[in-house]
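Here's run.csv, which has CSV, C-alpha atoms:
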```csv
chain,number,residue,atom,x,y,z
A,1,ASP,CA,4.4,-13.2,-3.6
A,2,TRP,CA,2.2,-10.3,-4.8
A,3,SER,CA,4.3,-9.6,-7.9
A,4,SER,CA,3.8,-13.2,-9.0
A,5,ASP,CA,0.0,-12.8,-8.5
A,6,VAL,CA,0.0,-9.7,-10.6
A,7,CYS,CA,1.7,-11.5,-13.5
A,8,SER,CA,-0.1,-14.8,-13.3
A,9,SER,CA,-3.5,-14.6,-11.6
A,10,ASP,CA,-6.8,-13.5,-12.9
A,11,LEU,CA,-7.1,-9.7,-12.2
A,12,SER,CA,-10.4,-8.8,-10.6
A,13,ALA,CA,-11.4,-5.6,-9.0
A,14,LEU,CA,-13.8,-2.7,-9.1
A,15,GLU,CA,-14.4,-0.8,-12.3
A,16,PRO,CA,-12.9,1.3,-13.8
A,17,PHE,CA,-9.8,0.8,-11.6
A,18,VAL,CA,-9.4,-2.8,-12.7
A,19,TYR,CA,-8.6,-1.7,-16.3
A,20,ARG,CA,-5.6,0.4,-15.1
A,21,PHE,CA,-3.1,-2.3,-14.5
A,22,GLY,CA,-0.1,-0.7,-16.2
A,23,THR,CA,1.3,0.9,-13.1
A,24,PRO,CA,0.8,-2.3,-10.9
A,25,CYS,CA,2.6,-4.3,-13.6
A,26,VAL,CA,5.5,-1.9,-13.5
A,27,ALA,CA,5.4,-1.9,-9.7
A,28,ALA,CA,5.5,-5.7,-9.7
A,29,LEU,CA,9.1,-5.4,-11.0
A,30,VAL,CA,10.2,-3.6,-7.9
A,31,PRO,CA,11.9,-6.1,-5.5
A,32,VAL,CA,10.0,-5.5,-2.4
A,33,ALA,CA,7.4,-7.6,-0.5
A,34,SER,CA,4.8,-4.9,0.0
A,35,ALA,CA,2.5,-4.0,-2.9
A,36,LYS,CA,1.9,-0.5,-1.4
A,37,THR,CA,5.7,0.1,-1.0
A,38,ALA,CA,6.3,-1.0,-4.6
A,39,LEU,CA,3.6,1.3,-6.0
A,40,HIS,CA,4.9,4.1,-3.9
A,41,ILE,CA,8.5,3.6,-5.2
A,42,THR,CA,7.1,3.4,-8.8
A,43,ASN,CA,5.1,6.6,-8.4
A,44,ILE,CA,8.0,8.5,-6.9
A,45,GLY,CA,10.2,7.4,-9.8
A,46,ALA,CA,7.5,8.4,-12.3
A,47,SER,CA,7.0,11.8,-10.6
A,48,LEU,CA,10.8,12.5,-11.0
A,49,LEU,CA,10.7,11.3,-14.6
A,50,LEU,CA,7.8,13.6,-15.2
A,51,LEU,CA,9.8,16.6,-14.2
A,52,VAL,CA,12.5,15.6,-16.6
A,53,LEU,CA,10.0,15.1,-19.5
A,54,LEU,CA,8.3,18.4,-18.7
A,55,THR,CA,11.6,20.2,-18.7
A,56,LEU,CA,12.5,18.8,-22.2
A,57,LEU,CA,9.0,19.7,-23.5
A,58,LEU,CA,9.1,23.3,-22.1
A,59,ARG,CA,12.6,24.0,-23.4
A,60,ARG,CA,11.3,23.5,-27.0
A,61,HIS,CA,8.9,26.4,-26.7
A,62,VAL,CA,9.8,28.5,-23.6
A,63,PRO,CA,13.0,30.4,-22.8
A,64,ASP,CA,15.5,28.5,-20.6
A,65,THR,CA,15.4,31.3,-18.0
A,66,ILE,CA,11.7,30.6,-17.4
A,67,VAL,CA,11.6,26.8,-17.5
A,68,PRO,CA,13.1,26.2,-14.0
A,69,TRP,CA,10.6,28.5,-12.4
A,70,LEU,CA,7.7,26.6,-14.0
A,71,ILE,CA,9.1,23.2,-13.0
A,72,ILE,CA,9.5,24.4,-9.4
A,73,ALA,CA,6.0,25.9,-9.3
A,74,PHE,CA,4.5,22.7,-10.6
A,75,ALA,CA,6.7,20.2,-8.6
A,76,TRP,CA,6.0,21.8,-5.2
A,77,HIS,CA,2.2,22.1,-5.6
A,78,TRP,CA,0.4,19.9,-3.1
A,79,GLU,CA,-1.6,18.1,-5.8
A,80,ALA,CA,1.2,17.6,-8.3
A,81,PRO,CA,2.5,14.0,-8.5
A,82,LEU,CA,5.8,14.5,-6.6
A,83,ARG,CA,3.9,15.6,-3.4
A,84,TYR,CA,0.5,13.9,-4.0
A,85,THR,CA,2.2,10.5,-4.2
A,86,TRP,CA,3.1,10.7,-0.5
A,87,TRP,CA,-0.6,11.3,0.3
A,88,TYR,CA,-1.9,8.7,-2.2
A,89,PRO,CA,1.0,6.3,-2.9
A,90,THR,CA,-1.1,3.8,-4.9
A,91,TYR,CA,-2.7,6.0,-7.6
A,92,VAL,CA,-1.8,5.7,-11.3
A,93,ASP,CA,-1.6,9.3,-12.5
A,94,PRO,CA,2.2,9.9,-12.4
A,95,LEU,CA,2.9,7.3,-15.1
A,96,SER,CA,-0.2,8.4,-17.1
A,97,ILE,CA,1.0,12.0,-17.2
A,98,CYS,CA,4.5,10.8,-18.1
A,99,ALA,CA,2.9,9.0,-21.1
A,100,ILE,CA,1.0,12.1,-22.2
A,101,THR,CA,4.1,14.3,-21.9
A,102,ALA,CA,6.3,11.7,-23.6
A,103,ALA,CA,3.9,11.4,-26.5
A,104,LEU,CA,4.1,15.2,-27.1
A,105,LEU,CA,7.9,14.8,-27.2
A,106,VAL,CA,8.0,12.0,-29.7
A,107,ALA,CA,5.0,12.9,-31.9
A,108,ASP,CA,7.3,13.2,-34.9
A,109,ARG,CA,8.5,9.6,-34.5
A,110,PRO,CA,5.7,7.3,-35.7
A,111,VAL,CA,6.6,4.0,-34.1
A,112,LEU,CA,7.6,5.5,-30.7
A,113,PHE,CA,4.6,7.8,-30.7
A,114,THR,CA,2.3,4.8,-31.3
A,115,LEU,CA,4.0,2.7,-28.6
A,116,VAL,CA,3.9,5.5,-26.0
A,117,CYS,CA,0.2,6.2,-26.7
A,118,ALA,CA,-0.8,2.6,-26.4
A,119,ALA,CA,1.2,2.1,-23.3
A,120,GLY,CA,-0.4,5.2,-21.8
A,121,VAL,CA,-3.8,3.7,-22.3
A,122,ILE,CA,-2.8,0.6,-20.4
A,123,VAL,CA,-1.8,2.8,-17.5
A,124,ARG,CA,-5.0,4.8,-17.7
A,125,GLU,CA,-7.6,5.1,-20.4
A,126,THR,CA,-7.0,8.9,-20.3
A,127,GLY,CA,-4.2,8.3,-22.8
A,128,LEU,CA,-6.8,8.0,-25.6
A,129,VAL,CA,-7.0,11.8,-25.5
A,130,VAL,CA,-3.5,12.2,-27.0
A,131,PRO,CA,-4.2,10.7,-30.5
A,132,PHE,CA,-7.6,12.3,-30.4
A,133,ALA,CA,-5.9,15.7,-29.9
A,134,TYR,CA,-3.5,15.2,-32.7
A,135,VAL,CA,-6.2,14.0,-35.2
A,136,THR,CA,-8.6,16.8,-34.4
A,137,GLY,CA,-5.9,19.4,-34.1
A,138,ARG,CA,-4.4,18.6,-37.4
A,139,LEU,CA,-7.8,18.3,-39.1
A,140,LEU,CA,-8.5,21.9,-37.9
A,141,ALA,CA,-5.1,23.0,-39.3
A,142,ALA,CA,-5.6,21.2,-42.6
A,143,THR,CA,-9.1,22.7,-43.1
A,144,ASP,CA,-7.9,26.2,-42.1
A,145,PHE,CA,-9.9,25.9,-38.9
A,146,GLY,CA,-13.1,24.9,-40.8
A,147,ARG,CA,-12.9,27.5,-43.6
A,148,SER,CA,-12.0,24.9,-46.2
A,149,PHE,CA,-12.1,21.2,-46.6
A,150,ASP,CA,-9.6,19.3,-48.8
A,151,TRP,CA,-9.5,15.5,-48.4
A,152,ARG,CA,-6.2,15.3,-50.3
A,153,ARG,CA,-4.5,17.8,-48.0
A,154,ILE,CA,-5.8,16.0,-45.0
A,155,LEU,CA,-4.7,12.5,-46.1
A,156,ASN,CA,-1.3,13.9,-47.1
A,157,ASP,CA,-0.7,15.3,-43.7
A,158,PRO,CA,1.9,12.9,-42.0
A,159,THR,CA,0.8,14.0,-38.5
A,160,VAL,CA,-2.8,13.0,-39.3
A,161,ARG,CA,-1.6,9.6,-40.5
A,162,ARG,CA,0.6,9.1,-37.4
A,163,ALA,CA,-2.2,10.1,-35.1
A,164,VAL,CA,-4.7,7.8,-36.7
A,165,ILE,CA,-2.4,4.8,-36.5
A,166,ALA,CA,-1.6,5.7,-32.8
A,167,GLY,CA,-5.3,6.1,-32.2
A,168,LEU,CA,-6.1,2.7,-33.6
A,169,ALA,CA,-3.3,1.1,-31.5
A,170,SER,CA,-4.6,2.9,-28.4
A,171,LEU,CA,-8.1,1.6,-29.0
A,172,ALA,CA,-6.6,-1.9,-29.3
A,173,ALA,CA,-4.8,-1.4,-26.0
A,174,PHE,CA,-8.0,-0.2,-24.5
A,175,GLY,CA,-9.7,-3.4,-25.7
A,176,VAL,CA,-6.9,-5.5,-24.2
A,177,THR,CA,-7.4,-3.8,-20.8
A,178,HIS,CA,-11.0,-4.9,-20.9
A,179,ILE,CA,-10.4,-8.4,-22.0
A,180,ALA,CA,-7.5,-9.2,-19.7
A,181,VAL,CA,-9.3,-8.5,-16.4
A,182,THR,CA,-12.5,-9.5,-14.6
A,183,PRO,CA,-14.6,-6.5,-13.4
A,184,ALA,CA,-16.2,-7.1,-10.0
A,185,THR,CA,-18.9,-4.5,-10.5
A,186,ASP,CA,-21.4,-3.4,-13.1
A,187,TYR,CA,-20.2,0.1,-14.0
A,188,TRP,CA,-21.1,2.3,-16.9
A,189,ILE,CA,-18.9,5.4,-17.2
A,190,ALA,CA,-21.7,7.4,-19.1
A,191,ASP,CA,-23.8,7.3,-15.9
A,192,SER,CA,-21.1,9.1,-13.9
A,193,ALA,CA,-20.3,11.5,-16.7
A,194,ILE,CA,-23.9,12.6,-17.1
A,195,VAL,CA,-24.4,13.0,-13.4
A,196,TRP,CA,-21.3,15.3,-13.1
A,197,LEU,CA,-22.1,17.2,-16.2
A,198,TYR,CA,-25.3,18.3,-14.7
A,199,SER,CA,-24.2,18.7,-11.1
A,200,LYS,CA,-20.8,20.5,-11.2
A,201,PRO,CA,-21.6,24.2,-10.9
A,202,VAL,CA,-19.5,26.7,-13.0
A,203,PRO,CA,-18.1,28.6,-10.0
A,204,VAL,CA,-16.9,25.3,-8.5
A,205,TYR,CA,-15.3,24.2,-11.8
A,206,VAL,CA,-13.5,27.6,-12.2
A,207,LEU,CA,-12.3,27.3,-8.6
A,208,SER,CA,-10.9,23.9,-9.5
A,209,TRP,CA,-8.7,25.4,-12.1
A,210,PHE,CA,-7.3,27.9,-9.7
A,211,ILE,CA,-6.7,25.3,-7.0
A,212,ALA,CA,-4.9,23.1,-9.5
A,213,PHE,CA,-2.6,25.7,-11.1
A,214,GLY,CA,-2.9,28.8,-9.1
A,215,PRO,CA,-2.9,32.5,-10.1
A,216,MET,CA,-0.3,31.9,-12.8
A,217,LEU,CA,-3.3,31.0,-15.1
A,218,VAL,CA,-4.0,34.7,-15.4
A,219,LEU,CA,-0.8,35.1,-17.5
A,220,GLY,CA,-2.4,33.2,-20.4
A,221,PHE,CA,-5.3,35.7,-20.5
A,222,VAL,CA,-3.0,38.7,-20.2
A,223,LYS,CA,-0.9,37.5,-23.1
A,224,TRP,CA,-3.6,35.8,-25.1
A,225,PRO,CA,-2.1,36.8,-28.5
A,226,ALA,CA,1.1,34.8,-27.6
A,227,VAL,CA,-1.0,31.8,-26.5
A,228,ARG,CA,-3.1,32.0,-29.6
A,229,ARG,CA,0.1,31.9,-31.7
A,230,LEU,CA,1.2,28.7,-29.8
A,231,PHE,CA,-2.2,27.1,-30.5
A,232,ALA,CA,-2.1,28.1,-34.1
A,233,ALA,CA,1.3,26.6,-34.6
A,234,TYR,CA,0.4,23.5,-32.6
A,235,PRO,CA,-3.4,23.0,-32.7
A,236,GLU,CA,-3.0,19.6,-31.0
A,237,PHE,CA,-2.0,21.4,-27.8
A,238,GLY,CA,-5.3,23.3,-27.7
A,239,MET,CA,-7.3,20.1,-28.5
A,240,LEU,CA,-5.4,18.2,-25.8
A,241,LEU,CA,-6.2,20.9,-23.2
A,242,PHE,CA,-9.8,20.9,-24.4
A,243,GLY,CA,-10.1,17.1,-24.1
A,244,ILE,CA,-8.7,17.2,-20.6
A,245,THR,CA,-11.0,20.1,-19.7
A,246,VAL,CA,-14.0,18.0,-20.6
A,247,LEU,CA,-12.7,14.9,-18.8
A,248,ALA,CA,-12.1,16.9,-15.6
A,249,LEU,CA,-15.6,18.3,-15.8
A,250,ILE,CA,-17.3,14.9,-16.1
A,251,GLY,CA,-14.8,12.8,-14.2
A,252,GLY,CA,-16.0,13.0,-10.6
A,253,THR,CA,-15.0,14.7,-7.4
A,254,ASP,CA,-11.3,14.8,-8.0
A,255,THR,CA,-11.5,17.6,-10.5
A,256,GLU,CA,-8.2,19.2,-9.6
A,257,ARG,CA,-6.3,15.9,-9.8
A,258,PHE,CA,-7.9,15.3,-13.3
A,259,MET,CA,-6.8,18.8,-14.4
A,260,MET,CA,-3.2,17.8,-13.6
A,261,TRP,CA,-3.3,15.6,-16.7
A,262,GLY,CA,-3.2,18.8,-18.6
A,263,ALA,CA,-0.1,20.2,-16.9
A,264,PRO,CA,2.1,19.8,-19.9
A,265,VAL,CA,-0.1,22.2,-22.0
A,266,VAL,CA,-0.9,24.5,-19.1
A,267,LEU,CA,2.8,25.0,-18.3
A,268,LEU,CA,3.5,25.7,-21.9
A,269,VAL,CA,0.7,28.3,-22.0
A,270,VAL,CA,2.0,30.0,-18.9
A,271,GLY,CA,5.6,29.8,-20.1
A,272,VAL,CA,4.8,31.3,-23.5
A,273,ALA,CA,2.8,34.1,-21.8
A,274,ALA,CA,5.4,34.8,-19.2
A,275,ALA,CA,8.1,35.1,-21.9
A,276,ASP,CA,6.1,37.9,-23.5
A,277,ILE,CA,6.0,40.0,-20.3
A,278,ASP,CA,8.7,42.6,-19.4
A,279,TRP,CA,9.1,41.5,-15.8
A,280,SER,CA,11.6,44.4,-15.1
A,281,ARG,CA,8.5,46.7,-15.4
A,282,ALA,CA,6.2,44.3,-13.5
A,283,ARG,CA,8.0,43.6,-10.3
A,284,GLY,CA,4.9,44.3,-8.2
A,285,PRO,CA,2.7,41.8,-10.0
A,286,LEU,CA,5.6,39.3,-10.0
A,287,GLY,CA,5.9,39.6,-6.2
A,288,LEU,CA,2.2,39.1,-5.7
A,289,LEU,CA,2.2,36.2,-8.2
A,290,VAL,CA,5.0,34.4,-6.4
A,291,VAL,CA,3.6,34.9,-2.9
A,292,THR,CA,0.1,33.8,-3.8
A,293,HIS,CA,1.3,30.8,-5.8
A,294,ILE,CA,3.3,29.6,-2.8
A,295,ILE,CA,0.2,29.9,-0.7
A,296,ASN,CA,-1.9,28.2,-3.4
A,297,GLY,CA,0.5,25.3,-3.7
A,298,ARG,CA,0.7,24.9,0.1
A,299,TRP,CA,4.5,24.8,-0.2
A,300,PHE,CA,5.0,24.9,3.6
A,301,LEU,CA,1.8,23.2,4.6
A,302,THR,CA,0.9,19.5,4.8
A,303,THR,CA,-2.0,17.7,3.3
A,304,PRO,CA,-4.4,16.2,5.8
A,305,ILE,CA,-4.2,12.4,5.9
A,306,ARG,CA,-7.2,11.8,8.1
A,307,THR,CA,-10.5,13.5,8.9
A,308,VAL,CA,-10.6,15.3,12.3
A,309,ASP,CA,-13.3,17.3,14.0
A,310,GLY,CA,-12.6,21.0,14.0
A,311,PRO,CA,-14.0,24.4,13.2
A,312,ARG,CA,-14.7,25.5,9.6
A,313,ALA,CA,-11.6,25.8,7.6
A,314,TRP,CA,-11.8,29.3,6.1
A,315,PRO,CA,-9.5,29.7,3.1
A,316,ILE,CA,-7.0,32.4,2.4
A,317,LEU,CA,-6.5,31.0,-1.1
A,318,THR,CA,-6.1,27.7,0.8
A,319,PRO,CA,-7.2,26.6,4.3
A,320,PHE,CA,-4.2,27.0,6.6
A,321,HIS,CA,-5.8,24.8,9.1
A,322,ALA,CA,-7.5,22.1,7.0
A,323,ASN,CA,-9.2,19.3,8.9
A,324,ARG,CA,-9.6,16.9,5.9
A,325,LEU,CA,-8.7,16.6,2.2
A,326,GLU,CA,-12.2,17.9,1.3
A,327,ASP,CA,-11.3,21.2,2.8
A,328,LEU,CA,-8.7,21.7,0.1
A,329,ILE,CA,-10.7,20.9,-3.0
A,330,SER,CA,-13.6,22.6,-4.8
A,331,ILE,CA,-16.1,19.7,-4.4
A,332,THR,CA,-16.9,20.0,-0.7
A,333,ASN,CA,-20.0,20.0,1.6
A,334,ASP,CA,-18.9,23.4,3.0
A,335,HIS,CA,-20.3,25.5,0.2
A,336,MET,CA,-19.7,28.8,2.0
A,337,ALA,CA,-16.0,28.1,2.3
A,338,SER,CA,-15.9,27.1,-1.3
A,339,PHE,CA,-17.6,30.3,-2.3
A,340,VAL,CA,-15.1,32.4,-0.3
A,341,GLY,CA,-12.3,30.6,-2.1
A,342,PHE,CA,-13.9,31.3,-5.5
A,343,ALA,CA,-14.3,35.0,-4.6
A,344,GLU,CA,-10.7,35.3,-3.4
A,345,TYR,CA,-9.3,33.8,-6.6
A,346,THR,CA,-11.6,35.9,-8.7
A,347,LEU,CA,-10.5,39.1,-7.0
A,348,LEU,CA,-6.8,38.0,-7.2
A,349,ALA,CA,-7.1,37.2,-10.9
A,350,LEU,CA,-8.7,40.6,-11.6
A,351,VAL,CA,-6.0,42.5,-9.6
A,352,LEU,CA,-3.2,40.6,-11.4
A,353,TRP,CA,-4.8,41.1,-14.8
A,354,MET,CA,-5.4,44.8,-14.3
A,355,TRP,CA,-2.0,45.4,-12.8
A,356,LEU,CA,-0.2,43.5,-15.6
A,357,ARG,CA,-2.2,45.2,-18.3
A,358,ARG,CA,-1.6,48.6,-16.8
A,359,GLY,CA,2.1,47.8,-16.7
A,360,GLU,CA,2.0,46.9,-20.4
A,361,GLY,CA,0.2,50.1,-21.2
A,362,ASP,CA,2.8,52.2,-19.3
A,363,SER,CA,5.6,50.4,-21.1
A,364,ALA,CA,4.0,51.2,-24.5
A,365,GLU,CA,3.6,54.9,-23.6
A,366,GLN,CA,7.2,55.1,-22.5
A,367,ALA,CA,8.3,53.4,-25.7
```

Structure encoded using structure tokens:
Amino acid sequence: DWSSDVCSSDLSALEPFVYRFGTPCVAALVPVASAKTALHITNIGASLLLLVLLTLLLRRHVPDTIVPWLIIAFAWHWEAPLRYTWWYPTYVDPLSICAITAALLVADRPVLFTLVCAAGVIVRETGLVVPFAYVTGRLLAATDFGRSFDWRRILNDPTVRRAVIAGLASLAAFGVTHIAVTPATDYWIADSAIVWLYSKPVPVYVLSWFIAFGPMLVLGFVKWPAVRRLFAAYPEFGMLLFGITVLALIGGTDTERFMMWGAPVVLLVVGVAAADIDWSRARGPLGLLVVTHIINGRWFLTTPIRTVDGPRAWPILTPFHANRLEDLISITNDHMASFVGFAEYTLLALVLWMWLRRGEGDSAEQA
């Protein structure tokens, strides 16, 4: 059967997908005859596990009263793994994001951290960004963000040592993924990266962030001092978000899906910012935020599974009558609809930012 083929035969497929055999190997353990069904079951399980891991991570830094709302906001978004898996049952991102989140949870346990990072790379090479984030983040902290440089202090930092070891193990795992399979194409990732670096416009990229995470992103800018304190205490979070930001920029057309890799840090940022807002004095912005986030996440709308002919799908934050998946994402041939979506999110962000800032000013005056 197919599971025996996965475990015993020569794996050959298109690059770079052939190197991401971690999820298929896990799915091969599911006792069903259909490969697609096994992958679907694996991804549903991984999506549920991800919600547990995110909850554990958020509770370390965000008040318990806010954590459930963040989990619900993420889980019901149309491109988050729990829902996207039903549209794309064979993709590998759910386990990959699980590995990223789990690595953040066990970073203080050297052996487990190394194993999780290496396993994450076998699922998808994106996992390399985690040890990179810890090494660069702790280097920034050890050098006082570039203001001093002390090799002894750097080498004595246990987090740097753990991250270097995990990075070497992850690179070894990356090598294994390339040795153990037979690519069926001649693919060079730098070609794709350079093309997208030069061809993805800034408005489209900004729109991607809003499509992926919705208007709650504004909270991080409204309460930037709280976010800055988080990044100062945990510089690896900032570097992880930076790394995924770059990967999403150069990765291809699925920009929003790539941004989902950064969900652990984005939710932390939003949670820390939300905890610093007096919502009893900001009920208006809160109502607007909730309603627009539900629309953005398409909570009560389906994701098109096939392309059908129809009129232009004008967005109201999202197209209510989308004819194809391309109507929902930023990279689309309908540039006018994409521009309208960008303008709507820009206006919404400005309204929320000004409303919340005014509320903070009123609170300060009353105090």

Quote the spacing between atom CA of A:Leu82 and atom CA of A:Ser47 in Å to one decimal place.
5.0 Å

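Distances here use all atoms listed in the file; by that measure, the residue among A:Met259, A:Leu350, A:Met216, A:Leu249 closest to A:Ala80 is A:Met259.
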
Any idea what's packed within 6 Å of stretch 134-140 of chain A, counting only C-alpha atoms, ignoring anything in its chain fewer than 4 positions away? Could you give it as a ChimeraX atom specification?
/A:145,160,163,235-236,239

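Taking atom CA of A:Cys98 and atom CA of A:Ala46 as endpoints, the distance between them is 7.0 Å.
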
Selection: 8 Å around A:Trp353, all atoms listed in the file, excl. self and same-chain fewer than 5 positions, as JSON, numbers by chain:
{"A": [218, 219, 221, 222]}

Within 9 Å of A:Val204, counting all atoms listed in the file, which residues show up once you throw out same-chain ones fewer than 3 positions away? Write them as a ChimeraX atom specification, please.
/A:200-201,207-209,330-331,338-339,342

My list of candidates is A:Gly175, A:Pro285, A:Gly252, A:Pro183. Which is closest to A:Met354 when distances are computed with all atoms listed in the file?
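Smallest distance to A:Met354 is found for A:Pro285.
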
Exercise: A:Val106 partners within 9 Å, only C-alpha atoms, chain neighbours under 6 positions left out, as a PyMOL selection string:
chain A and resi 112-113+116

Length of the atom CA of A:Pro304 to atom CA of A:Tyr88 vector [Å]
11.2 Å

Repair of stretch 199-215 of chain A at the level of N, CA, C and O atoms, as a PDB file, keeping the file's coordinate frame:
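For reference, part-v4.pdb as written:
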```
ATOM      1  N   SER A 199     -24.241  18.313 -12.467  1.00  0.00           N
ATOM      2  CA  SER A 199     -24.200  18.700 -11.100  1.00  0.00           C
ATOM      3  C   SER A 199     -22.973  19.440 -10.627  1.00  0.00           C
ATOM      4  O   SER A 199     -22.855  19.788  -9.457  1.00  0.00           O
ATOM      5  N   LYS A 200     -22.035  19.726 -11.559  1.00  0.00           N
ATOM      6  CA  LYS A 200     -20.800  20.500 -11.200  1.00  0.00           C
ATOM      7  C   LYS A 200     -21.026  21.932 -11.582  1.00  0.00           C
ATOM      8  O   LYS A 200     -20.932  22.281 -12.753  1.00  0.00           O
ATOM      9  N   PRO A 201     -21.276  22.821 -10.619  1.00  0.00           N
ATOM     10  CA  PRO A 201     -21.600  24.200 -10.900  1.00  0.00           C
ATOM     11  C   PRO A 201     -20.339  24.919 -11.572  1.00  0.00           C
ATOM     12  O   PRO A 201     -19.188  24.549 -11.308  1.00  0.00           O
ATOM     13  N   VAL A 202     -20.597  25.943 -12.361  1.00  0.00           N
ATOM     14  CA  VAL A 202     -19.500  26.700 -13.000  1.00  0.00           C
ATOM     15  C   VAL A 202     -18.560  27.315 -12.029  1.00  0.00           C
ATOM     16  O   VAL A 202     -17.333  27.196 -12.195  1.00  0.00           O
ATOM     17  N   PRO A 203     -19.030  27.999 -10.955  1.00  0.00           N
ATOM     18  CA  PRO A 203     -18.100  28.600 -10.000  1.00  0.00           C
ATOM     19  C   PRO A 203     -17.160  27.515  -9.374  1.00  0.00           C
ATOM     20  O   PRO A 203     -15.968  27.762  -9.167  1.00  0.00           O
ATOM     21  N   VAL A 204     -17.703  26.347  -9.083  1.00  0.00           N
ATOM     22  CA  VAL A 204     -16.900  25.300  -8.500  1.00  0.00           C
ATOM     23  C   VAL A 204     -15.854  24.799  -9.498  1.00  0.00           C
ATOM     24  O   VAL A 204     -14.694  24.544  -9.149  1.00  0.00           O
ATOM     25  N   TYR A 205     -16.257  24.704 -10.760  1.00  0.00           N
ATOM     26  CA  TYR A 205     -15.300  24.200 -11.800  1.00  0.00           C
ATOM     27  C   TYR A 205     -14.214  25.270 -12.022  1.00  0.00           C
ATOM     28  O   TYR A 205     -13.041  24.901 -12.161  1.00  0.00           O
ATOM     29  N   VAL A 206     -14.561  26.553 -12.035  1.00  0.00           N
ATOM     30  CA  VAL A 206     -13.500  27.600 -12.200  1.00  0.00           C
ATOM     31  C   VAL A 206     -12.591  27.578 -10.989  1.00  0.00           C
ATOM     32  O   VAL A 206     -11.366  27.695 -11.142  1.00  0.00           O
ATOM     33  N   LEU A 207     -13.138  27.405  -9.785  1.00  0.00           N
ATOM     34  CA  LEU A 207     -12.300  27.300  -8.600  1.00  0.00           C
ATOM     35  C   LEU A 207     -11.327  26.140  -8.701  1.00  0.00           C
ATOM     36  O   LEU A 207     -10.173  26.238  -8.262  1.00  0.00           O
ATOM     37  N   SER A 208     -11.777  25.043  -9.308  1.00  0.00           N
ATOM     38  CA  SER A 208     -10.900  23.900  -9.500  1.00  0.00           C
ATOM     39  C   SER A 208      -9.654  24.221 -10.259  1.00  0.00           C
ATOM     40  O   SER A 208      -8.550  23.765  -9.933  1.00  0.00           O
ATOM     41  N   TRP A 209      -9.805  25.014 -11.316  1.00  0.00           N
ATOM     42  CA  TRP A 209      -8.700  25.400 -12.100  1.00  0.00           C
ATOM     43  C   TRP A 209      -7.654  26.221 -11.307  1.00  0.00           C
ATOM     44  O   TRP A 209      -6.435  26.019 -11.406  1.00  0.00           O
ATOM     45  N   PHE A 210      -8.171  27.135 -10.490  1.00  0.00           N
ATOM     46  CA  PHE A 210      -7.300  27.900  -9.700  1.00  0.00           C
ATOM     47  C   PHE A 210      -6.597  27.109  -8.590  1.00  0.00           C
ATOM     48  O   PHE A 210      -5.414  27.299  -8.297  1.00  0.00           O
ATOM     49  N   ILE A 211      -7.325  26.178  -7.986  1.00  0.00           N
ATOM     50  CA  ILE A 211      -6.700  25.300  -7.000  1.00  0.00           C
ATOM     51  C   ILE A 211      -5.611  24.467  -7.606  1.00  0.00           C
ATOM     52  O   ILE A 211      -4.538  24.274  -7.024  1.00  0.00           O
ATOM     53  N   ALA A 212      -5.854  23.972  -8.818  1.00  0.00           N
ATOM     54  CA  ALA A 212      -4.900  23.100  -9.500  1.00  0.00           C
ATOM     55  C   ALA A 212      -3.645  23.787  -9.943  1.00  0.00           C
ATOM     56  O   ALA A 212      -2.537  23.250  -9.827  1.00  0.00           O
ATOM     57  N   PHE A 213      -3.787  25.002 -10.490  1.00  0.00           N
ATOM     58  CA  PHE A 213      -2.600  25.700 -11.100  1.00  0.00           C
ATOM     59  C   PHE A 213      -2.321  27.043 -10.559  1.00  0.00           C
ATOM     60  O   PHE A 213      -1.305  27.638 -10.935  1.00  0.00           O
ATOM     61  N   GLY A 214      -3.181  27.562  -9.711  1.00  0.00           N
ATOM     62  CA  GLY A 214      -2.900  28.800  -9.100  1.00  0.00           C
ATOM     63  C   GLY A 214      -3.065  30.044  -9.915  1.00  0.00           C
ATOM     64  O   GLY A 214      -3.528  29.977 -11.055  1.00  0.00           O
ATOM     65  N   PRO A 215      -2.661  31.188  -9.393  1.00  0.00           N
ATOM     66  CA  PRO A 215      -2.900  32.500 -10.100  1.00  0.00           C
ATOM     67  C   PRO A 215      -2.072  32.641 -11.351  1.00  0.00           C
ATOM     68  O   PRO A 215      -2.348  33.560 -12.130  1.00  0.00           O
TER      69      PRO A 215
END
```
